[in-house]
$ cat structure-v6.cif   # mmCIF, C-alpha atoms
data_structure
#
loop_
_atom_site.label_atom_id
_atom_site.label_comp_id
_atom_site.auth_asym_id
_atom_site.auth_seq_id
_atom_site.Cartn_x
_atom_site.Cartn_y
_atom_site.Cartn_z
CA MET A 1 -1.00 30.11 -23.28
CA SER A 2 1.36 29.63 -20.38
CA TYR A 3 1.85 27.81 -17.12
CA PRO A 4 0.57 29.04 -13.77
CA PRO A 5 3.08 31.47 -12.24
CA PHE A 6 4.45 29.09 -9.62
CA VAL A 7 5.40 26.51 -12.26
CA GLU A 8 7.05 29.29 -14.31
CA ARG A 9 9.05 30.32 -11.25
CA ILE A 10 10.21 26.78 -10.53
CA ASN A 11 11.11 26.25 -14.18
CA GLY A 12 12.87 29.59 -14.51
CA GLY A 13 14.72 29.20 -11.23
CA PHE A 14 15.89 25.75 -12.15
CA ARG A 15 17.10 26.84 -15.57
CA ARG A 16 18.90 29.84 -14.10
CA LEU A 17 20.54 27.54 -11.56
CA LEU A 18 21.74 25.23 -14.29
CA ARG A 19 23.03 28.14 -16.38
CA ALA A 20 24.91 29.60 -13.43
CA ALA A 21 26.46 26.29 -12.44
CA PRO A 22 29.48 25.15 -14.40
CA CYS A 23 28.66 22.95 -17.36
CA ILE A 24 29.90 19.87 -15.46
CA GLY A 25 27.05 20.14 -12.97
CA TYR A 26 24.58 19.92 -15.81
CA TYR A 27 26.20 16.78 -17.15
CA VAL A 28 26.31 15.21 -13.68
CA ALA A 29 22.61 15.90 -13.21
CA HIS A 30 21.81 14.29 -16.54
CA THR A 31 24.03 11.29 -15.80
CA VAL A 32 22.26 10.77 -12.47
CA ASN A 33 18.96 11.04 -14.27
CA VAL A 34 19.97 8.39 -16.80
CA ALA A 35 21.17 6.15 -13.96
CA CYS A 36 17.74 6.56 -12.36
CA VAL A 37 16.08 5.46 -15.60
CA ILE A 38 18.27 2.35 -15.76
CA HIS A 39 17.59 1.51 -12.11
CA LEU A 40 13.84 2.00 -12.50
CA PHE A 41 13.88 -0.26 -15.57
CA ALA A 42 15.86 -2.95 -13.76
CA THR A 43 13.61 -2.92 -10.70
CA HIS A 44 10.21 -2.66 -12.41
CA VAL A 45 10.54 -4.18 -15.88
CA GLY A 46 13.46 -6.56 -15.78
CA GLY A 47 17.08 -7.07 -16.72
CA ILE A 48 20.14 -9.20 -16.36
CA ALA A 49 21.07 -10.35 -12.86
CA MET A 50 23.57 -12.75 -11.38
CA ALA A 51 22.50 -15.74 -9.31
CA ASP A 52 25.08 -17.53 -7.20
CA GLY A 53 25.30 -19.79 -4.18
CA PRO A 54 24.86 -23.52 -3.72
CA SER A 55 21.12 -23.64 -2.96
CA MET A 56 19.92 -24.09 -6.57
CA LEU A 57 22.76 -26.37 -7.58
CA PRO A 58 21.74 -28.65 -10.39
CA THR A 59 19.83 -25.80 -12.04
CA MET A 60 22.36 -23.04 -11.42
CA ASN A 61 26.09 -23.10 -10.85
CA ALA A 62 27.37 -22.24 -7.41
CA SER A 63 29.92 -19.93 -9.00
CA GLY A 64 27.22 -17.76 -10.49
CA ASP A 65 25.07 -17.63 -13.63
CA TRP A 66 23.81 -14.56 -15.43
CA VAL A 67 20.07 -14.79 -15.89
CA LEU A 68 17.33 -12.74 -17.52
CA GLU A 69 14.84 -11.62 -14.89
CA ASN A 70 11.29 -10.45 -15.48
CA ARG A 71 10.05 -7.96 -12.89
CA TRP A 72 6.76 -7.20 -14.64
CA VAL A 73 4.85 -10.21 -13.39
CA ASN A 74 1.20 -10.81 -12.66
CA TRP A 75 1.50 -13.03 -9.60
CA LYS A 76 -1.97 -14.42 -10.21
CA ASN A 77 -0.55 -16.41 -13.15
CA ILE A 78 2.34 -17.97 -11.27
CA GLN A 79 2.73 -21.73 -11.63
CA ARG A 80 4.37 -24.57 -9.76
CA GLY A 81 7.89 -25.03 -10.99
CA ASP A 82 8.55 -21.35 -11.75
CA LEU A 83 11.87 -19.91 -10.63
CA VAL A 84 11.31 -16.70 -8.70
CA THR A 85 13.38 -14.05 -6.94
CA VAL A 86 12.24 -13.23 -3.44
CA ARG A 87 13.22 -10.76 -0.75
CA SER A 88 14.46 -13.11 1.95
CA PRO A 89 12.07 -13.50 4.92
CA LEU A 90 15.14 -13.87 7.12
CA ASP A 91 17.05 -10.79 5.96
CA PRO A 92 15.30 -7.82 4.30
CA ASN A 93 18.43 -6.82 2.36
CA ARG A 94 18.89 -10.13 0.55
CA LEU A 95 17.34 -11.17 -2.70
CA ILE A 96 17.19 -14.94 -3.03
CA CYS A 97 16.26 -17.29 -5.84
CA LYS A 98 13.96 -20.27 -5.24
CA ARG A 99 11.51 -22.55 -7.02
CA VAL A 100 7.75 -22.33 -6.37
CA ILE A 101 6.54 -25.73 -5.17
CA GLY A 102 3.08 -25.02 -3.82
CA LEU A 103 0.33 -22.49 -4.52
CA PRO A 104 -2.47 -21.26 -2.21
CA GLY A 105 -4.72 -24.13 -1.13
CA ASP A 106 -2.18 -26.88 -1.77
CA VAL A 107 -1.37 -29.41 0.95
CA ILE A 108 2.38 -29.74 1.32
CA CYS A 109 4.57 -32.12 3.29
CA VAL A 110 6.85 -29.79 5.24
CA ASP A 111 9.96 -31.94 4.98
CA PRO A 112 9.86 -35.48 3.55
CA THR A 113 13.37 -36.17 4.91
CA GLY A 114 12.32 -35.33 8.47
CA GLN A 115 15.24 -32.96 9.00
CA TYR A 116 13.38 -29.74 9.86
CA ALA A 117 10.01 -31.26 10.86
CA PRO A 118 8.62 -34.79 11.26
CA SER A 119 8.04 -36.25 7.80
CA THR A 120 4.35 -36.76 8.55
CA GLU A 121 3.66 -33.05 9.13
CA HIS A 122 1.57 -31.41 6.39
CA VAL A 123 0.38 -27.82 6.00
CA VAL A 124 -2.26 -26.10 3.88
CA ILE A 125 -0.80 -23.05 2.13
CA PRO A 126 -2.86 -19.97 3.10
CA ARG A 127 -4.35 -17.39 0.74
CA HIS A 128 -1.82 -15.24 -1.16
CA HIS A 129 1.14 -17.39 -0.08
CA VAL A 130 3.45 -19.82 -1.90
CA TRP A 131 5.74 -22.64 -0.83
CA LEU A 132 9.36 -22.16 -1.92
CA SER A 133 12.16 -24.64 -2.15
CA GLY A 134 15.76 -24.66 -3.31
CA ASP A 135 16.73 -27.35 -5.81
CA ASN A 136 19.62 -28.43 -3.59
CA ALA A 137 17.60 -29.49 -0.55
CA ALA A 138 20.67 -30.39 1.47
CA TRP A 139 22.09 -26.88 1.28
CA SER A 140 19.16 -24.53 1.15
CA GLN A 141 17.18 -22.44 3.59
CA ASP A 142 13.66 -22.38 2.25
CA SER A 143 10.02 -22.80 3.25
CA ARG A 144 10.96 -25.84 5.31
CA LYS A 145 12.60 -23.35 7.65
CA TYR A 146 10.38 -20.26 7.43
CA GLY A 147 7.05 -21.66 6.24
CA PRO A 148 4.80 -20.37 3.45
CA VAL A 149 5.99 -17.06 1.98
CA SER A 150 3.67 -14.17 1.17
CA MET A 151 3.39 -13.26 -2.51
CA ALA A 152 4.12 -9.67 -1.44
CA LEU A 153 7.76 -10.75 -1.04
CA LEU A 154 8.07 -12.09 -4.59
CA LYS A 155 10.02 -9.71 -6.81
CA GLY A 156 10.57 -11.30 -10.19
CA LYS A 157 10.54 -14.41 -12.29
CA LEU A 158 13.61 -15.92 -13.96
CA VAL A 159 13.08 -16.32 -17.69
CA ALA A 160 16.31 -17.55 -19.22
CA ARG A 161 19.99 -18.10 -18.57
CA VAL A 162 22.24 -15.86 -20.64
CA TRP A 163 25.79 -16.35 -19.50
CA PRO A 164 27.60 -19.56 -19.53
CA LEU A 165 26.80 -19.65 -23.25
CA LYS A 166 26.80 -23.44 -23.47
CA ASP A 167 23.91 -23.62 -20.94
CA ALA A 168 22.02 -20.59 -22.24
CA GLY A 169 18.31 -21.05 -22.80
CA PHE A 170 14.87 -20.65 -21.31
CA PHE A 171 14.14 -22.21 -17.93
CA LYS A 172 11.58 -24.98 -18.30
CA SER A 173 9.23 -26.13 -15.58
CA ASN A 174 10.42 -29.48 -14.22
CA PHE A 175 7.01 -30.40 -12.83
CA ASN A 176 4.93 -33.37 -13.83
CA TYR A 177 1.88 -35.01 -12.34
CA ILE A 178 1.83 -38.52 -10.92
CA ASP A 179 -1.46 -40.36 -11.28
CA MET B 1 12.85 11.20 -43.97
CA ARG B 2 14.96 14.33 -43.53
CA PRO B 3 12.20 16.95 -44.02
CA ILE B 4 9.93 15.21 -41.54
CA LEU B 5 12.63 15.26 -38.92
CA ARG B 6 13.34 18.91 -39.57
CA ARG B 7 9.66 19.74 -39.34
CA TRP B 8 9.48 18.04 -35.94
CA GLN B 9 12.56 19.93 -34.82
CA GLN B 10 11.03 23.21 -35.92
CA ALA B 11 7.76 22.45 -34.21
CA PHE B 12 9.64 21.64 -31.02
CA ALA B 13 11.74 24.81 -31.21
CA SER B 14 8.84 27.12 -31.96
CA ASN B 15 6.42 25.64 -29.44
CA ASN B 16 7.31 27.09 -26.07
CA VAL B 17 4.80 25.07 -24.08
CA LEU B 18 5.96 21.77 -25.57
CA ARG B 19 9.61 22.60 -24.95
CA ARG B 20 9.00 23.52 -21.34
CA THR B 21 6.87 20.46 -20.71
CA VAL B 22 9.53 18.15 -22.07
CA SER B 23 12.39 19.89 -20.27
CA THR B 24 10.50 19.52 -16.97
CA LEU B 25 9.29 15.96 -17.50
CA ILE B 26 12.79 14.80 -18.35
CA TRP B 27 13.60 14.95 -14.60
CA LEU B 28 10.74 12.63 -13.70
CA PRO B 29 12.94 9.51 -13.18
CA THR B 30 15.01 11.29 -10.56
CA ALA B 31 11.82 12.41 -8.83
CA ILE B 32 10.43 8.86 -8.84
CA ILE B 33 13.68 7.48 -7.40
CA PHE B 34 13.55 10.17 -4.70
CA SER B 35 10.04 9.16 -3.67
CA GLU B 36 10.93 5.46 -3.83
CA TYR B 37 14.07 5.64 -1.72
CA CYS B 38 13.75 8.83 0.31
CA TYR B 39 10.52 10.62 1.16
CA SER B 40 6.99 10.90 -0.12
CA ILE B 41 3.72 12.34 1.17
CA LYS B 42 0.50 10.36 1.32
CA SER B 43 -2.87 10.51 3.03
CA ILE B 44 -4.01 7.83 5.45
CA LYS B 45 -7.20 5.92 4.83
CA GLY B 46 -9.08 3.93 7.46
CA ARG B 47 -9.22 3.97 11.23
CA SER B 48 -6.99 1.13 12.36
CA MET B 49 -4.40 3.54 13.81
CA GLN B 50 -6.90 5.56 15.83
CA PRO B 51 -6.40 7.70 17.85
CA THR B 52 -2.84 8.36 16.69
CA LEU B 53 -3.87 8.83 13.05
CA ASN B 54 -7.30 9.76 11.65
CA PRO B 55 -8.96 10.32 15.07
CA ASP B 56 -12.71 10.83 15.15
CA SER B 57 -12.21 14.47 16.19
CA SER B 58 -10.60 15.27 12.86
CA ALA B 59 -12.68 16.13 9.81
CA TRP B 60 -9.88 15.40 7.32
CA ARG B 61 -7.76 12.44 6.48
CA ASP B 62 -4.29 12.77 7.94
CA ILE B 63 -1.52 13.59 5.49
CA VAL B 64 1.81 12.13 6.56
CA VAL B 65 5.42 12.10 5.36
CA PHE B 66 6.47 8.52 4.54
CA ASP B 67 10.17 8.06 5.24
CA ARG B 68 11.56 5.27 3.06
CA PHE B 69 15.16 6.35 3.55
CA SER B 70 15.50 5.02 7.11
CA ILE B 71 13.89 1.68 6.16
CA ARG B 72 15.18 0.94 2.67
CA VAL B 73 18.60 2.59 2.78
CA MET B 74 19.52 2.59 6.47
CA GLY B 75 17.60 -0.57 7.40
CA ARG B 76 16.49 0.95 10.70
CA TYR B 77 13.63 -0.98 12.29
CA ARG B 78 12.66 0.17 15.79
CA ARG B 79 10.00 -0.86 18.26
CA GLY B 80 7.29 1.77 18.59
CA ASP B 81 7.73 3.18 15.08
CA ILE B 82 4.63 3.53 12.94
CA VAL B 83 5.33 1.86 9.61
CA ALA B 84 3.60 1.20 6.31
CA LEU B 85 3.91 -2.39 5.17
CA LEU B 86 2.57 -4.64 2.44
CA SER B 87 -0.11 -6.84 3.93
CA PRO B 88 1.03 -10.48 3.67
CA SER B 89 -2.52 -11.58 2.90
CA ASP B 90 -3.24 -9.29 -0.06
CA SER B 91 -0.15 -7.11 -0.81
CA LYS B 92 -2.01 -3.87 0.00
CA LEU B 93 -0.21 -1.09 1.87
CA ILE B 94 -1.33 -0.97 5.51
CA VAL B 95 -0.22 1.23 8.39
CA LYS B 96 0.67 -0.41 11.70
CA ARG B 97 3.02 0.00 14.67
CA ILE B 98 6.05 -2.23 15.27
CA ILE B 99 5.51 -3.85 18.68
CA ALA B 100 8.37 -6.32 18.81
CA LEU B 101 11.41 -7.39 16.80
CA GLU B 102 13.25 -10.69 16.40
CA GLY B 103 13.92 -12.54 19.65
CA ASP B 104 11.23 -10.71 21.66
CA THR B 105 8.34 -12.53 23.29
CA VAL B 106 4.86 -11.03 22.86
CA LYS B 107 1.61 -11.75 24.67
CA THR B 108 -0.89 -11.96 21.83
CA LEU B 109 -4.49 -10.77 21.58
CA PRO B 110 -7.57 -12.98 20.93
CA PRO B 111 -7.70 -14.06 17.27
CA TYR B 112 -4.18 -15.49 17.52
CA PRO B 113 -4.09 -19.23 18.40
CA ASP B 114 -1.20 -19.08 20.93
CA THR B 115 -1.10 -16.87 24.03
CA GLU B 116 2.59 -16.10 23.71
CA VAL B 117 4.82 -16.01 20.67
CA ARG B 118 8.57 -15.61 20.19
CA ILE B 119 9.38 -13.52 17.11
CA PRO B 120 11.57 -15.51 14.67
CA GLU B 121 14.66 -14.23 12.92
CA GLY B 122 14.09 -11.36 10.48
CA HIS B 123 10.48 -10.83 11.53
CA ALA B 124 8.51 -8.23 13.46
CA TRP B 125 5.20 -8.09 15.32
CA VAL B 126 2.98 -5.26 14.09
CA GLU B 127 -0.31 -4.04 15.55
CA GLY B 128 -2.74 -1.22 14.96
CA ASP B 129 -3.39 1.22 17.80
CA GLU B 130 -7.10 0.40 17.65
CA PRO B 131 -7.22 -3.33 18.43
CA PHE B 132 -10.78 -4.01 17.28
CA ARG B 133 -10.68 -2.49 13.82
CA SER B 134 -7.27 -3.65 12.83
CA GLU B 135 -6.12 -6.65 10.84
CA ASP B 136 -2.63 -7.04 12.23
CA SER B 137 -0.13 -9.61 13.49
CA ASN B 138 -2.83 -11.05 15.75
CA TRP B 139 -4.45 -12.23 12.50
CA PHE B 140 -1.52 -13.11 10.28
CA GLY B 141 1.31 -13.66 12.76
CA PRO B 142 4.82 -12.15 12.68
CA VAL B 143 5.63 -10.42 9.38
CA PRO B 144 9.00 -10.49 7.57
CA LEU B 145 10.92 -7.21 7.84
CA ALA B 146 11.20 -7.24 4.05
CA LEU B 147 7.49 -6.38 3.83
CA ILE B 148 8.00 -3.12 5.69
CA ASP B 149 8.00 -0.33 3.15
CA SER B 150 8.38 2.97 4.98
CA ARG B 151 8.25 4.71 8.33
CA LEU B 152 5.65 7.37 9.02
CA SER B 153 7.63 10.29 10.34
CA PHE B 154 5.67 13.53 10.33
CA ILE B 155 2.05 14.69 10.24
CA VAL B 156 1.70 17.64 7.86
CA TRP B 157 -2.08 18.04 7.95
CA PRO B 158 -4.45 18.75 9.85
CA TRP B 159 -2.62 21.65 11.44
CA GLU B 160 -3.78 21.00 15.04
CA ARG B 161 -1.71 17.83 15.09
CA VAL B 162 1.22 18.87 12.88
CA GLY B 163 4.39 17.40 14.30
CA PRO B 164 6.77 14.47 14.40
CA LEU B 165 5.25 11.04 14.96
CA TRP B 166 8.34 9.57 16.62
CA ALA B 167 8.14 11.80 19.71
CA PRO B 168 4.64 12.31 21.09
CA GLY B 169 6.14 14.38 23.90
CA LEU B 170 7.17 17.09 21.45
CA ARG B 171 3.61 17.55 20.33
CA SER B 172 2.16 17.56 23.83
CA SER B 173 4.46 20.12 25.45
CA GLN B 174 1.53 22.43 26.03
CA PHE B 175 0.07 23.68 29.29
CA LYS B 176 -0.95 21.04 31.78
CA GLY B 177 -4.62 20.16 31.36
CA SER B 178 -5.00 21.40 27.81
CA PRO B 179 -6.54 18.99 25.27
CA ALA B 180 -3.18 18.51 23.54
CA TRP B 181 -1.50 17.72 26.87
CA ARG B 182 -4.21 15.19 27.70
CA ARG B 183 -3.78 13.56 24.29
CA GLY B 184 -0.07 13.26 24.97
CA GLN B 185 -0.69 11.69 28.38
CA ALA B 186 -3.10 9.15 26.87
CA GLU B 187 -0.54 8.34 24.19
CA MET B 188 2.16 7.71 26.78
CA GLU B 189 -0.20 5.50 28.77
CA ARG B 190 -0.98 3.44 25.67
CA GLU B 191 2.74 3.11 25.03
CA LYS B 192 3.29 1.79 28.55
CA ARG B 193 0.49 -0.74 28.15
CA ARG B 194 1.93 -1.84 24.81
CA GLU B 195 5.39 -2.33 26.26
CA SER B 196 4.06 -4.32 29.21
CA ARG B 197 3.01 -7.09 26.79
CA VAL B 198 6.47 -7.51 25.33
CA GLN B 199 9.49 -9.17 26.82
CA TYR B 200 12.54 -7.82 25.00
CA ALA B 201 15.42 -9.96 23.81
CA GLU B 202 18.67 -9.17 25.66
CA ARG B 203 20.61 -8.78 22.43
CA PRO B 204 19.99 -9.81 18.86
CA PRO B 205 21.16 -13.39 18.30
CA PRO B 206 24.08 -13.85 15.87
CA LYS B 207 23.03 -14.42 12.28
CA PRO B 208 24.02 -17.72 10.65
CA PRO B 209 25.43 -17.40 7.14
CA SER B 210 22.55 -17.72 4.69
CA ASP B 211 22.69 -19.03 1.16
CA GLY B 212 21.19 -18.60 -2.27
CA ALA B 213 22.27 -15.06 -2.99
CA MET B 214 20.77 -13.17 -5.91
CA SER B 215 22.36 -9.83 -6.61
CA PRO B 216 20.91 -7.29 -9.01
CA LEU B 217 22.96 -6.03 -11.95
CA GLY B 218 26.52 -7.06 -11.47
CA GLY B 219 26.91 -7.34 -7.71
CA ALA B 220 28.80 -10.40 -6.56
#
$ encode --input "structure-v6.cif" --output "structure tokens"
Amino acid sequence: MSYPPFVERINGGFRRLLRAAPCIGYYVAHTVNVACVIHLFATHVGGIAMADGPSMLPTMNASGDWVLENRWVNWKNIQRGDLVTVRSPLDPNRLICKRVIGLPGDVICVDPTGQYAPSTEHVVIPRHHVWLSGDNAAWSQDSRKYGPVSMALLKGKLVARVWPLKDAGFFKSNFNYID
Amino acid sequence: MRPILRRWQQAFASNNVLRRTVSTLIWLPTAIIFSEYCYSIKSIKGRSMQPTLNPDSSAWRDIVVFDRFSIRVMGRYRRGDIVALLSPSDSKLIVKRIIALEGDTVKTLPPYPDTEVRIPEGHAWVEGDEPFRSEDSNWFGPVPLALIDSRLSFIVWPWERVGPLWAPGLRSSQFKGSPAWRRGQAEMEREKRRESRVQYAERPPPKPPSDGAMSPLGGA
């Protein structure tokens, strides 16, 4: 039992290449490979990340908190009050952290303070979109500025804070219903 | 415990097929990273990019090189490029053409409520080449650049149309009057019509400092 000849050739050629190269090259290749594993894990399963900036202030410190991020999320089960990481709709290279305020079908007041839009303006969130908001409304660019955000931009969900040890713990939803 | 481990070791050493399989598969993460950040090859489904991709004259689905390097690593977004993006309405990968970038003004097509729209910061206007069969920005409005996944750079199959997608002129440099030449002419005409609907921004407006940074694994 053996492989088809072209696989044998690739395998053999690769092994010969590695044998001919100095031992260091082999170690470099393996180190790169391990780095790839770590990166794949961090981008698809989850890991520790740092969140900083003033937009989430009472929840997170402006100087930066280390948080546990879950990247393996079924976005169908997302709930109001969840903290999520999002690729910024304003800048494709930025990852931002916001709180989900509205789900598809909800009617949302764009800005109750009337700063970005008249306080009487309401929108219905379209299919497969969410409404995001920073906890520090005075210093946050969020859905008030760029409208409902597609779920395709959501990357991960924040699970717990790990670093300033005195604040460590799971993030709880701060949502309650008013009758 | 010890004998079991040794038996496994022996099985691994004596079984050539197993050893080769493992020593090949161990490089899989590097291969996945390469396809995620550099290049991969996929076939195109559907007819929304007709006649540039999957034209009726072709019996096969087009197979195209998807270039993620220029989008994800270089961050190069250009008008006229054919790109694959995640649909904002269902997260599926769709193939469209970038018509306009931030600051441009576009004359829209029917399903869109306004006749003219100015593209906001960090967004793009994407359309399919076949306006009737395509669910594009005329349905869902300007899309964030962050949804754009890769650029389609090269047709590798079918062989009559093998060539780069960024320069239709290269593929149509045949004799005047030949079918390929006529296709190239039609493509250039469509390009002209596309550009006539867009009023370009003079220069990109300066970006205000944004907030709420979230950096992966140790970045500040």
$ atom_distance --input "structure-v6.cif" --atom1 "CA of Val130 (chain A)" --atom2 "CA of Val100 (chain A)"
6.7 Å
$ interface_residues --input "structure-v6.cif" --of "chain A" --to "chain B" --cutoff "6 Å" --atoms "all atoms listed in the file" --output "list in words"
Asn33, Cys36, Val37, Ala49, Met50, Ala51, Asp52, Gly53, Ser55, Pro89, Leu90, Asp91, Pro92, Leu95, Ile96, His128, Ser150 and Ala152 of chain A
$ atom_distance --input "structure-v6.cif" --atom1 "CA of Arg71 (chain A)" --atom2 "CA of Val45 (chain A)"
4.8 Å
$ atom_distance --input "structure-v6.cif" --atom1 "CA of Val73 (chain A)" --atom2 "CA of Gly156 (chain A)"
6.6 Å
$ closest_residue --input "structure-v6.cif" --among "B:Ser48, B:Ser153, B:Ser40, B:Ser137" --to "Ile119 (chain B)" --atoms "only C-alpha atoms"
B:Ser137
$ closest_residue --input "structure-v6.cif" --among "B:Leu165, B:Phe140, B:Ala186, B:Met74" --to "Pro126 (chain A)" --atoms "all atoms listed in the file"
B:Phe140
$ residues_around --input "structure-v6.cif" --residues "Asn176 (chain A)" --least-positions-apart "2" --cutoff "10 Å" --atoms "all atoms listed in the file" --output "ChimeraX atom specification"
/A:80-81,173-174,178-179
$ resolve_selection --input "structure-v6.cif" --expression "the PyMOL selection byres ((chain B and resi 61-70) around 10)" --output "ChimeraX atom specification"
/B:34-47,52-55,58-60,71-77,82-84,148-159,161-165
$ resolve_selection --input "structure-v6.cif" --expression "the PyMOL selection byres ((chain A and resi 102) around 9)" --output "list in words"
Gln79, Arg80, Gly81, Val100, Ile101, Leu103, Pro104, Gly105, Asp106, Val107, Ile108, Ile125, His129, Val130, Trp131, Leu132 and Pro148 of chain A
$ residues_around --input "structure-v6.cif" --residues "Lys157 (chain A)" --least-positions-apart "4" --cutoff "6 Å" --atoms "only C-alpha atoms" --output "PyMOL selection string"
chain A and resi 69-70+83-84
$ closest_residue --input "structure-v6.cif" --among "A:Ala168, A:Gly12, A:Leu154, A:Thr120" --to "Trp66 (chain A)" --atoms "all atoms listed in the file"
A:Ala168
$ residues_around --input "structure-v6.cif" --residues "Thr59 (chain A)" --least-positions-apart "6" --cutoff "9 Å" --atoms "all atoms listed in the file" --output "PyMOL selection string"
chain A and resi 135-136+171
$ resolve_selection --input "structure-v6.cif" --expression "the PyMOL selection byres ((chain A and resi 2) around 12)" --output "PyMOL selection string"
(chain A and resi 1+3-9) or (chain B and resi 15-21)
$ residues_around --input "structure-v6.cif" --residues "Glu130 (chain B)" --least-positions-apart "3" --cutoff "8 Å" --atoms "all atoms listed in the file" --output "JSON, numbers by chain"
{"B": [47, 48, 49, 50, 51, 133, 134]}
$ closest_residue --input "structure-v6.cif" --among "B:Ser57, B:Val117, B:Glu191, B:Glu160" --to "Asp81 (chain B)" --atoms "all atoms listed in the file"
B:Glu191
$ axis_aligned_box --input "structure-v6.cif" --around "region 106-119 of chain A" --padding-each-side "6 Å" --output "JSON"
{"center_x": 6.5, "center_y": -31.6, "center_z": 4.7, "size_x": 29.4, "size_y": 21.4, "size_z": 25.0}
$ closest_residue --input "structure-v6.cif" --among "A:Leu18, A:Gly147, A:Ile78, A:Pro58" --to "His30 (chain A)" --atoms "all atoms listed in the file"
A:Leu18
$ residues_around --input "structure-v6.cif" --residues "Leu68 (chain A)" --least-positions-apart "2" --cutoff "7 Å" --atoms "all atoms listed in the file" --output "ChimeraX atom specification"
/A:47-49,70,158-162
$ build_atoms --input "structure-v6.cif" --residues "region 71-76 of chain B" --atoms "all heavy atoms" --output "mmCIF file, in the coordinates of the input"
data_model
loop_
_atom_site.group_PDB
_atom_site.id
_atom_site.type_symbol
_atom_site.label_atom_id
_atom_site.label_comp_id
_atom_site.auth_asym_id
_atom_site.auth_seq_id
_atom_site.Cartn_x
_atom_site.Cartn_y
_atom_site.Cartn_z
ATOM 1 N N ILE B 71 14.191 3.111 6.265
ATOM 2 C CA ILE B 71 13.890 1.680 6.160
ATOM 3 C C ILE B 71 14.695 1.036 5.045
ATOM 4 O O ILE B 71 15.423 0.068 5.251
ATOM 5 C CB ILE B 71 12.381 1.472 5.891
ATOM 6 C CG1 ILE B 71 11.538 2.019 7.034
ATOM 7 C CG2 ILE B 71 12.082 0.018 5.622
ATOM 8 C CD1 ILE B 71 11.552 1.190 8.267
ATOM 9 N N ARG B 72 14.608 1.610 3.838
ATOM 10 C CA ARG B 72 15.180 0.940 2.670
ATOM 11 C C ARG B 72 16.685 1.140 2.576
ATOM 12 O O ARG B 72 17.393 0.253 2.128
ATOM 13 C CB ARG B 72 14.548 1.504 1.399
ATOM 14 C CG ARG B 72 13.164 1.013 1.205
ATOM 15 C CD ARG B 72 12.836 1.170 -0.244
ATOM 16 N NE ARG B 72 11.771 0.259 -0.613
ATOM 17 C CZ ARG B 72 11.322 0.155 -1.842
ATOM 18 N NH1 ARG B 72 11.824 0.881 -2.797
ATOM 19 N NH2 ARG B 72 10.370 -0.680 -2.113
ATOM 20 N N VAL B 73 17.165 2.314 2.935
ATOM 21 C CA VAL B 73 18.600 2.590 2.780
ATOM 22 C C VAL B 73 19.339 2.297 4.077
ATOM 23 O O VAL B 73 20.346 1.602 4.085
ATOM 24 C CB VAL B 73 18.815 4.061 2.344
ATOM 25 C CG1 VAL B 73 20.290 4.324 2.137
ATOM 26 C CG2 VAL B 73 18.048 4.329 1.057
ATOM 27 N N MET B 74 18.820 2.786 5.202
ATOM 28 C CA MET B 74 19.520 2.590 6.470
ATOM 29 C C MET B 74 19.152 1.261 7.137
ATOM 30 O O MET B 74 19.878 0.794 8.006
ATOM 31 C CB MET B 74 19.205 3.725 7.443
ATOM 32 C CG MET B 74 19.421 5.121 6.908
ATOM 33 S SD MET B 74 21.084 5.376 6.310
ATOM 34 C CE MET B 74 21.974 5.376 7.855
ATOM 35 N N GLY B 75 18.019 0.674 6.774
ATOM 36 C CA GLY B 75 17.600 -0.570 7.400
ATOM 37 C C GLY B 75 17.357 -0.426 8.898
ATOM 38 O O GLY B 75 17.724 -1.277 9.688
ATOM 39 N N ARG B 76 16.705 0.671 9.278
ATOM 40 C CA ARG B 76 16.490 0.950 10.700
ATOM 41 C C ARG B 76 15.071 0.548 11.076
ATOM 42 O O ARG B 76 14.106 1.196 10.685
ATOM 43 C CB ARG B 76 16.702 2.449 10.931
ATOM 44 C CG ARG B 76 17.152 2.800 12.321
ATOM 45 C CD ARG B 76 17.267 4.303 12.462
ATOM 46 N NE ARG B 76 18.393 4.884 11.763
ATOM 47 C CZ ARG B 76 18.348 6.047 11.092
ATOM 48 N NH1 ARG B 76 17.219 6.714 11.024
ATOM 49 N NH2 ARG B 76 19.409 6.519 10.507
#
